[in-house]
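A short worksheet on the structure shown next.
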Amino acid sequence: MTDVLTLLRPRFLSMKNRMASAPRRGRVPVRFFYGAAGLVLWGALFALFYRVLKYFKHVEVFGDLLAFKLLAMSLITFFALLVFSGILTALSKLYLSRDLSLVHSLPVPSVKIFLTRWLESSVDSSWMVVAYSLPLFLSYGVVYKAGVLFYTTLFLNILPFCLIATTLSVLLVLVFAPVLPAGRMRSLSFVLGVLVFLLLLLSFRLMRPERFANPESFATLLLYLKEMGMANDPWLPTTWFFDSLRAALSGAVGKTLFHTALSWSFCGSLVYLTAGVARPLYLKGLSRSQTIFRRRPELPASRRLRRPGTFQWLPGPVRAFALKEIRTFLRDQTQWPQLFLLAALVVLYLYNFSVLPLERAPVQIVYLQNLFSFLNMGLAAFVLTAVAARFVFPAISIEGGAFWIVKSAPLSARTYLWIKFMIYFIPLLLLSELLVVATNILLRVTPFMMALSVTTMFFLAPGVVSLALCLGALYPDFSSENPAQSVTSVGGLIYMTLCAGFITSVIALEAGPVYTIFMGGMRGVSLSTLQWVWLGGSFSAAVTLCFLAFAVPMRIAVRRLREKTDR
Amino acid sequence: MADRIELKNLTKLYGSLQAVRQLNLSVGEGEIFGFIGPNGAGKTTTIRMMGGVILPTEGEIHIDGISMSIDPVEAKKRIGFIPDRPFLYEKLTGREFLKFTADLFRVERELFDRKSDEILRLFSLTDRADELIESYSHGMKQRLIIGAAVLHEPRVIVVDEPMVGLDPAGIKLVKDLFRRLADGGTTLFLSTHSLGVAEDLCNRIGIIHRGSLIATGSLDELRQMARVQASDLEAVFLKLTEEETSS
């Protein structure tokens with residue numbers, strides 16, 4: 001036990017030293033912002049669950065059934081999340097951490113190192129799930145006016161619940177690590193996890209849950225509710241947790257203790273079994289993870305890139321960086337899920353527009369179609385901002401320790417930034433145009449709105465990309481293992497704020513003139529000279545703003561990169 | 001002999017810390033100049049300024065007569081820069097990294113095809129050329145960086161700790177390569193902790209201490225300056241830096 005505590009000490013000391021040292025300039029507002037956002041989300045979750053449960057409570061016959069089904073489903077979701085995050089954390093902690101060579105060179109049995117890492121992994125992978133599951137549990141407590149028994153049961157059960165999930169993850173990782181290198185396993189788990197999530201998300205959305213708000217659909221619900229009465233699987237840890245909470249809510253102390261004891265006894269046995277499995281397997285897996293792996297089979301895209309002629313038409317430095325960025329992206333499997341996410345986002349985005357019940361609205365359809373199309377420009381621009389935050393903002397940080405190559409290359413800061421700009425601008429412009437054109441086709445808008453949307457996106461996209469690149473250059477993080485996280489810095493916050501201001505201003509400048517033109521067209525009234533002057537002024541101001549949003553950040557970023565040399 | 005490297009009043013401040021102060025130095029064509037000094041003396045800072053990786057606070061750097069502050073792109077075209085830590089693009093293969101460097105320096109395709117194979121063979125990387133750099137050892141990465149730095153046939157090579165991470169065969173290989181390059185007229189400026197390397201390779205040696213150049217000259221000249229009988233550079237180095245510390 002002393003060894004385990006000693007091995008945990010660097011973690012506590014680092015935490016203590018981090019808190020004792022003064023935060024870096026600009027970190028305080030960022031921490032405050034994220035802290036406040038977290039609290040707001042927490043409160044919103046509580047309010048949501050409270051309202052839903054209150055509503056259920058008033059539904060006769062089915063009310064409690066619905067409430068407890070929601071609890072059972074939530075517990076299964078939490079458990080799945082814990083297992084998934086446990087796998088990723090355990091792989092990092094047990095096999096991929098940088099300090100593992102140091103720790104394993106110490107005169108400590110490997111099983112103790114394993115136990116330390118298991119503890120750390122359990123805490124790291126479960127604290128957030130616990131924090132964000134509390135609003136749900138508390139809302140049950142409040143709505144069902146629960147007493148001390150419920151809260152004590154919650155406290156006594158949440159611990160084994162998390163430990164069972166994370167220990168199962170560790171056990172899974174322990175068994176597979178000697179066969180599959182940990183790095184490969186992490187990428188695979190991440191890809192599979194995101195795919196399953198996307199599949200669930202897409203199937204949920206394509207099920208069109210909004211139909212259930214329609215009373216006519218209630219008939220189909222009867223079958224569903226009949227199925228709800230079925231008991232949960234008695235072998236699942238989620239069932240033990242669920243049964244404990246349900247018993248506590250009804251005040252049945254004996255039942256509560258029985259189910260809680262089931263959780264704890266299983267948890268204890270599982271930890272014992274895992275420690276036993278770790279003895280022969282942990283070191284084998286660790287040494288497998290340290291094995292140098294040979295190059296994986298090439299992707300078709302990267303094979304194409306090698307052929308002479310592909311990209312050959314580009315100037316040397318542009319070709320060099322374009323190929324480097326594409327290859328680096330395609331060969332990093334942890335990046336792929338983000339492409340899947342992006343694809344799913346586009347599908348859902350378009351699908352939502354395709355099922356808009358415009359015909360049921362009391363307003364003229366043609367008016368609504370064009371209003372949505374106009375608002376859609378802003379929405380698409382915000383999607384573009386989010387995508388740029390993920391891919392363009394870290395474009396400078398992604399060079400990492402290899403930034404010396406850029407600095408010592410015969411390439412001016414201006415050229416380097418332009419190369420980066422073009423690499424990201426073209427695909428992002430295509431994405432944003434795809435969003436507005438496809439939604440406009442679905443909405444069957446007028447040719448004027450189509451032209452306006454395409455032109456507006458064409459002018460907005462350079463500004464958004466330029467702002468992301470500029471703020472990314474002003475707030476780079478070359479030392480991070482995951483450069484995508486650089487967007488969580490103060491720079492990311494400024495970028496988001498500036499983009500929101502920029503997009504809103506352009507849309508606001510266009511709103512008045514577009515309304516005037518559209519209504520004039522609908523009523524068959526021609527515009528006065530004064531209105532034409534106003535139109536010209538507004539559109540010119542929007543174009544000027546777009547130009548400034550593009551040119552000024554690029555200038556600042558070039559200057560910053562020239563000066564940013566004292567790393 | 002024309003000056004390939006010229007440093008004039010080169011100064012670098014990190015806040016109030018003077019990392020390099022008023023450095024004046026010139027290195028001629030085909031010369032191998034060794035830059036030695038204790039830890040934190042300002043060697044790496046000087047090298048990084050010469051490579052264009054960091055900007056000087058004051059002073060001028062001329063590479064092959066081109067000012068690094070006025071035309072950094074042209075100056076860098078003439079340099080092969082080798083840093084002390086081999087950070088590379090891990091998701092590229094060794095061959096792809098060489099092509100990346102060739103494209104940056106606008107090396108012609110035919111020259112690249114010929115030279116890249118030659119470099120890979122020379123540095124025993126041919127078998128691993130199509131594997132990702134992330135699977136390379138520290139020494140292999142260092143060899144790849146050295147190979148990439150000589151690919152565009154630079155007139156000046158600036159190296160920070162060239163032998164770090166190399167095995168004895170690698171050290172011999174690099175020493176031979178540097179000698180051959182110098183014989184062909186390439187100028188080499190290398191900083192090192194290894195006095196043996198400096199003694200073996202360099203025509204002239206500069207000793208930097210606390211940011212200032214305290215002595216330059218051939219080994220014989222330095223020995224006279226230090227007034228020591230011992231023949232090795234270690235004794236000379238210790239004597240000169242000790243005198244400077246106590247003065």
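Chain labels run A, B, ... following the order of the structure tokens; each chain numbers its residues from 1, and ligands are numbered from 1 in the order shown.
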With only C-alpha atoms as the counted atoms, please give the residues lying no more than 6 Å from stretch 115-132 of chain A, apart from itself and same-chain residues fewer than 2 positions off, as a PyMOL selection string. chain A and resi 4+85-86+89-90+93+112-113+134+166
Please report as a Markdown table every residue of chain B lying within 9 Å of chain A, along with the nearest atom pair and their distance in Å (one decimal), using only C-alpha atoms.
| residue | atom | partner | partner_atom | distance |
| --- | --- | --- | --- | --- |
| B:Tyr14 | CA | A:Asp566 | CA | 8.1 |
| B:Arg48 | CA | A:Ser408 | CA | 8.7 |
| B:Gly51 | CA | A:Ser408 | CA | 5.6 |
| B:Gly52 | CA | A:Ser408 | CA | 5.4 |
| B:Val53 | CA | A:Lys407 | CA | 4.8 |
| B:Ile54 | CA | A:Thr565 | CA | 4.4 |
| B:Leu55 | CA | A:Thr565 | CA | 6.2 |
| B:Pro72 | CA | A:Pro410 | CA | 7.3 |
| B:Val73 | CA | A:Pro410 | CA | 4.3 |
| B:Glu74 | CA | A:Pro410 | CA | 6.6 |
| B:Ala75 | CA | A:Pro410 | CA | 7.6 |
| B:Lys76 | CA | A:Pro410 | CA | 4.9 |
| B:Lys77 | CA | A:Pro410 | CA | 5.2 |
| B:Arg78 | CA | A:Pro410 | CA | 8.7 |
| B:Ile79 | CA | A:Ser408 | CA | 8.5 |
| B:Gly80 | CA | A:Ser408 | CA | 8.7 |
| B:Phe81 | CA | A:Ser408 | CA | 6.9 |
| B:Pro83 | CA | A:Trp404 | CA | 8.1 |
| B:Arg85 | CA | A:Gly401 | CA | 8.9 |
| B:Pro86 | CA | A:Ala402 | CA | 8.2 |
| B:Phe87 | CA | A:Ala402 | CA | 4.9 |
| B:Leu88 | CA | A:Ala402 | CA | 5.1 |
| B:Tyr89 | CA | A:Ala402 | CA | 6.5 |
| B:Glu90 | CA | A:Thr328 | CA | 8.0 |
| B:Lys91 | CA | A:Thr328 | CA | 5.1 |
| B:Leu92 | CA | A:Thr328 | CA | 6.7 |
| B:Thr93 | CA | A:Arg295 | CA | 8.7 |
| B:Glu96 | CA | A:Lys324 | CA | 8.5 |
| B:Phe97 | CA | A:Lys324 | CA | 8.5 |
| B:Lys99 | CA | A:Ala320 | CA | 7.6 |
| B:Phe100 | CA | A:Ala320 | CA | 4.8 |
| B:Thr101 | CA | A:Ala320 | CA | 7.4 |
| B:Ala102 | CA | A:Gly316 | CA | 8.0 |
| B:Asp103 | CA | A:Gly316 | CA | 4.3 |
| B:Leu104 | CA | A:Pro317 | CA | 4.4 |
| B:Phe105 | CA | A:Pro410 | CA | 6.6 |
| B:Arg106 | CA | A:Gly316 | CA | 5.5 |
| B:Val107 | CA | A:Gly316 | CA | 8.4 |
| B:Asp130 | CA | A:Arg295 | CA | 7.6 |
| B:Glu131 | CA | A:Arg295 | CA | 5.0 |
| B:Leu132 | CA | A:Arg295 | CA | 5.9 |
| B:Glu134 | CA | A:Ile292 | CA | 8.8 |
| B:Ser135 | CA | A:Ile292 | CA | 5.6 |
| B:Tyr136 | CA | A:Ile292 | CA | 8.1 |
Extract the full set of strand (DSSP E) residues from stretch 110-176 of chain B according to DSSP on the backbone, and format it as an MDAnalysis selection string. chainID B and resid 156:160
For B:Phe237, please output as a VMD selection string all residues within 12 Å (counting only C-alpha atoms; exclusion window: fewer than 2 positions along the same chain). chain B and resid 35 to 38 193 to 196 198 to 199 205 to 209 214 to 216 219 222 to 228 230 to 235 239 to 244
Straight-line distance linking atom CA of A:Pro337 with atom CA of A:Val454, stated in Å to one decimal: 28.6 Å
If you run DSSP on the backbone here, which positions in stretch 8-235 of chain B get alpha helix (DSSP H)? Please write them as a PDB file with C-alpha atoms, in the first residue's frame.
ATOM      1  CA  LYS B  43      25.805  28.084 -28.252  1.00  0.00           C
ATOM      2  CA  THR B  44      22.326  26.901 -29.200  1.00  0.00           C
ATOM      3  CA  THR B  45      20.965  30.466 -29.193  1.00  0.00           C
ATOM      4  CA  THR B  46      23.696  31.532 -31.631  1.00  0.00           C
ATOM      5  CA  ILE B  47      23.102  28.504 -33.843  1.00  0.00           C
ATOM      6  CA  ARG B  48      19.328  29.100 -33.876  1.00  0.00           C
ATOM      7  CA  MET B  49      19.848  32.742 -34.828  1.00  0.00           C
ATOM      8  CA  MET B  50      22.137  31.650 -37.663  1.00  0.00           C
ATOM      9  CA  PRO B  72      16.068  35.620 -44.849  1.00  0.00           C
ATOM     10  CA  VAL B  73      14.611  33.396 -47.585  1.00  0.00           C
ATOM     11  CA  GLU B  74      17.688  33.743 -49.830  1.00  0.00           C
ATOM     12  CA  ALA B  75      20.018  33.324 -46.856  1.00  0.00           C
ATOM     13  CA  LYS B  76      18.212  30.167 -45.707  1.00  0.00           C
ATOM     14  CA  LYS B  77      18.410  28.656 -49.189  1.00  0.00           C
ATOM     15  CA  GLY B  94      11.802   8.929 -44.275  1.00  0.00           C
ATOM     16  CA  ARG B  95      11.661   9.193 -48.065  1.00  0.00           C
ATOM     17  CA  GLU B  96       8.654  11.495 -47.925  1.00  0.00           C
ATOM     18  CA  PHE B  97      10.468  13.763 -45.476  1.00  0.00           C
ATOM     19  CA  LEU B  98      13.390  14.015 -47.888  1.00  0.00           C
ATOM     20  CA  LYS B  99      10.941  14.899 -50.685  1.00  0.00           C
ATOM     21  CA  PHE B 100       9.291  17.467 -48.408  1.00  0.00           C
ATOM     22  CA  THR B 101      12.686  19.115 -47.806  1.00  0.00           C
ATOM     23  CA  ALA B 102      13.537  18.918 -51.515  1.00  0.00           C
ATOM     24  CA  ASP B 103      10.279  20.655 -52.424  1.00  0.00           C
ATOM     25  CA  LEU B 104      10.885  23.390 -49.845  1.00  0.00           C
ATOM     26  CA  ARG B 109      13.202  16.087 -59.520  1.00  0.00           C
ATOM     27  CA  GLU B 110      16.169  14.381 -61.232  1.00  0.00           C
ATOM     28  CA  LEU B 111      18.611  15.664 -58.628  1.00  0.00           C
ATOM     29  CA  PHE B 112      16.255  14.527 -55.863  1.00  0.00           C
ATOM     30  CA  ASP B 113      15.859  11.028 -57.310  1.00  0.00           C
ATOM     31  CA  ARG B 114      19.609  10.639 -57.540  1.00  0.00           C
ATOM     32  CA  LYS B 115      20.572  12.268 -54.244  1.00  0.00           C
ATOM     33  CA  SER B 116      17.817  10.848 -52.068  1.00  0.00           C
ATOM     34  CA  ASP B 117      18.802   7.261 -52.849  1.00  0.00           C
ATOM     35  CA  GLU B 118      22.436   8.156 -52.295  1.00  0.00           C
ATOM     36  CA  ILE B 119      21.681   9.786 -48.925  1.00  0.00           C
ATOM     37  CA  LEU B 120      19.458   6.935 -47.761  1.00  0.00           C
ATOM     38  CA  ARG B 121      22.182   4.464 -48.671  1.00  0.00           C
ATOM     39  CA  LEU B 122      24.908   6.553 -47.043  1.00  0.00           C
ATOM     40  CA  HIS B 138      16.582   8.694 -32.023  1.00  0.00           C
ATOM     41  CA  GLY B 139      19.780   8.001 -33.981  1.00  0.00           C
ATOM     42  CA  MET B 140      17.887   7.202 -37.186  1.00  0.00           C
ATOM     43  CA  LYS B 141      15.976  10.458 -36.921  1.00  0.00           C
ATOM     44  CA  GLN B 142      19.234  12.348 -36.388  1.00  0.00           C
ATOM     45  CA  ARG B 143      20.728  10.655 -39.478  1.00  0.00           C
ATOM     46  CA  LEU B 144      17.639  11.539 -41.491  1.00  0.00           C
ATOM     47  CA  ILE B 145      17.872  15.203 -40.455  1.00  0.00           C
ATOM     48  CA  ILE B 146      21.537  15.333 -41.418  1.00  0.00           C
ATOM     49  CA  GLY B 147      20.687  13.688 -44.745  1.00  0.00           C
ATOM     50  CA  ALA B 148      17.874  16.173 -45.391  1.00  0.00           C
ATOM     51  CA  ALA B 149      20.166  19.103 -44.549  1.00  0.00           C
ATOM     52  CA  VAL B 150      22.734  18.148 -47.188  1.00  0.00           C
ATOM     53  CA  LEU B 151      20.171  17.187 -49.848  1.00  0.00           C
ATOM     54  CA  PRO B 168      30.105   5.009 -33.135  1.00  0.00           C
ATOM     55  CA  ALA B 169      29.589   4.000 -36.772  1.00  0.00           C
ATOM     56  CA  GLY B 170      27.208   6.927 -37.236  1.00  0.00           C
ATOM     57  CA  ILE B 171      29.705   9.330 -35.637  1.00  0.00           C
ATOM     58  CA  LYS B 172      32.454   8.169 -37.983  1.00  0.00           C
ATOM     59  CA  LEU B 173      30.107   8.443 -40.949  1.00  0.00           C
ATOM     60  CA  VAL B 174      29.139  12.016 -40.086  1.00  0.00           C
ATOM     61  CA  LYS B 175      32.741  13.057 -39.412  1.00  0.00           C
ATOM     62  CA  ASP B 176      33.814  11.676 -42.800  1.00  0.00           C
ATOM     63  CA  LEU B 177      30.888  13.359 -44.524  1.00  0.00           C
ATOM     64  CA  PHE B 178      31.683  16.738 -42.928  1.00  0.00           C
ATOM     65  CA  ARG B 179      35.342  16.476 -43.919  1.00  0.00           C
ATOM     66  CA  ARG B 180      34.372  15.572 -47.485  1.00  0.00           C
ATOM     67  CA  LEU B 181      31.915  18.457 -47.671  1.00  0.00           C
ATOM     68  CA  ALA B 182      34.522  20.906 -46.343  1.00  0.00           C
ATOM     69  CA  ASP B 183      37.023  19.637 -48.894  1.00  0.00           C
ATOM     70  CA  LEU B 195      35.807  18.396 -27.257  1.00  0.00           C
ATOM     71  CA  GLY B 196      37.082  15.277 -29.047  1.00  0.00           C
ATOM     72  CA  VAL B 197      34.830  16.009 -32.007  1.00  0.00           C
ATOM     73  CA  ALA B 198      35.981  19.639 -32.117  1.00  0.00           C
ATOM     74  CA  GLU B 199      39.611  18.577 -31.894  1.00  0.00           C
ATOM     75  CA  ASP B 200      39.209  15.956 -34.651  1.00  0.00           C
ATOM     76  CA  LEU B 201      37.193  17.980 -37.113  1.00  0.00           C
ATOM     77  CA  LEU B 219      44.042  24.441 -31.330  1.00  0.00           C
ATOM     78  CA  ASP B 220      47.658  25.669 -31.214  1.00  0.00           C
ATOM     79  CA  GLU B 221      46.613  29.289 -30.953  1.00  0.00           C
ATOM     80  CA  LEU B 222      44.190  28.466 -28.152  1.00  0.00           C
ATOM     81  CA  ARG B 223      46.881  26.518 -26.329  1.00  0.00           C
ATOM     82  CA  GLN B 224      49.157  29.582 -26.450  1.00  0.00           C
ATOM     83  CA  MET B 225      46.361  31.820 -25.230  1.00  0.00           C
ATOM     84  CA  ALA B 226      45.680  29.532 -22.296  1.00  0.00           C
ATOM     85  CA  LEU B 233      41.538  20.771 -25.923  1.00  0.00           C
ATOM     86  CA  GLU B 234      39.945  19.837 -22.606  1.00  0.00           C
ATOM     87  CA  ALA B 235      42.739  21.429 -20.582  1.00  0.00           C
TER      88      ALA B 235
END
Skip A:Ala461 itself and residues of its chain fewer than 5 positions away, then list as a ChimeraX atom specification all residues within 10 Å of it, counting only C-alpha atoms. /A:381,384-385,388,425-426,428-433,456,466-467,503,546,549-550
Tell me which protein, DNA and RNA residues are within 8 Å of A:Phe190, counting only C-alpha atoms, leaving out same-chain ones fewer than 2 positions away, and put them as a VMD selection string. chain A and resid 88 186 to 188 192 to 194 334 337
Please produce a file of those selected residues containing C-alpha atoms, as a PDB file, in the first residue's frame.
ATOM      1  CA  LEU A  88      -9.231   4.970 -23.630  1.00  0.00           C
ATOM      2  CA  ARG A 186      -6.611   3.073 -28.681  1.00  0.00           C
ATOM      3  CA  SER A 187      -7.140   4.277 -32.243  1.00  0.00           C
ATOM      4  CA  LEU A 188      -9.420   1.346 -32.969  1.00  0.00           C
ATOM      5  CA  LEU A 192     -15.422   2.198 -33.112  1.00  0.00           C
ATOM      6  CA  GLY A 193     -16.784   4.261 -30.224  1.00  0.00           C
ATOM      7  CA  VAL A 194     -17.490   7.260 -32.422  1.00  0.00           C
ATOM      8  CA  THR A 334      -7.623   9.418 -34.188  1.00  0.00           C
ATOM      9  CA  PRO A 337     -13.753   9.871 -36.403  1.00  0.00           C
TER      10      PRO A 337
END
Which residues are close to B:Leu23, i.e. within 7 Å by only C-alpha atoms, leaving aside same-chain residues fewer than 5 positions away? Reply as a VMD selection string. chain B and resid 7 to 11 212 to 213
Kindly export the residues of the current selection with C-alpha atoms, as an mmCIF file, in the first residue's frame.
data_model
loop_
_atom_site.group_PDB
_atom_site.id
_atom_site.type_symbol
_atom_site.label_atom_id
_atom_site.label_comp_id
_atom_site.auth_asym_id
_atom_site.auth_seq_id
_atom_site.Cartn_x
_atom_site.Cartn_y
_atom_site.Cartn_z
ATOM 1 C CA LEU B 7 28.370 37.598 -37.432
ATOM 2 C CA LYS B 8 28.481 41.274 -36.469
ATOM 3 C CA ASN B 9 27.722 42.443 -32.921
ATOM 4 C CA LEU B 10 25.251 39.599 -32.554
ATOM 5 C CA THR B 11 23.253 39.959 -29.344
ATOM 6 C CA SER B 212 30.615 36.204 -25.010
ATOM 7 C CA LEU B 213 33.198 34.807 -27.352
#
Give me, as an NGL selection string, all polymer residues having an atom no more than 12 Å from A:Ala247, counting only C-alpha atoms and skipping those fewer than 3 positions away in the same chain. :A and (68 or 146 or 149-150 or 153-154 or 239-244 or 250-260)
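Compared by their closest atoms to B:Ile63, and using only C-alpha atoms, the residues B:Phe189, B:Asp160, B:Arg21, B:Arg128 rank with B:Phe189 nearest.
From atom CA of A:Leu535 back to atom CA of A:Pro513, the distance works out to 5.3 Å.
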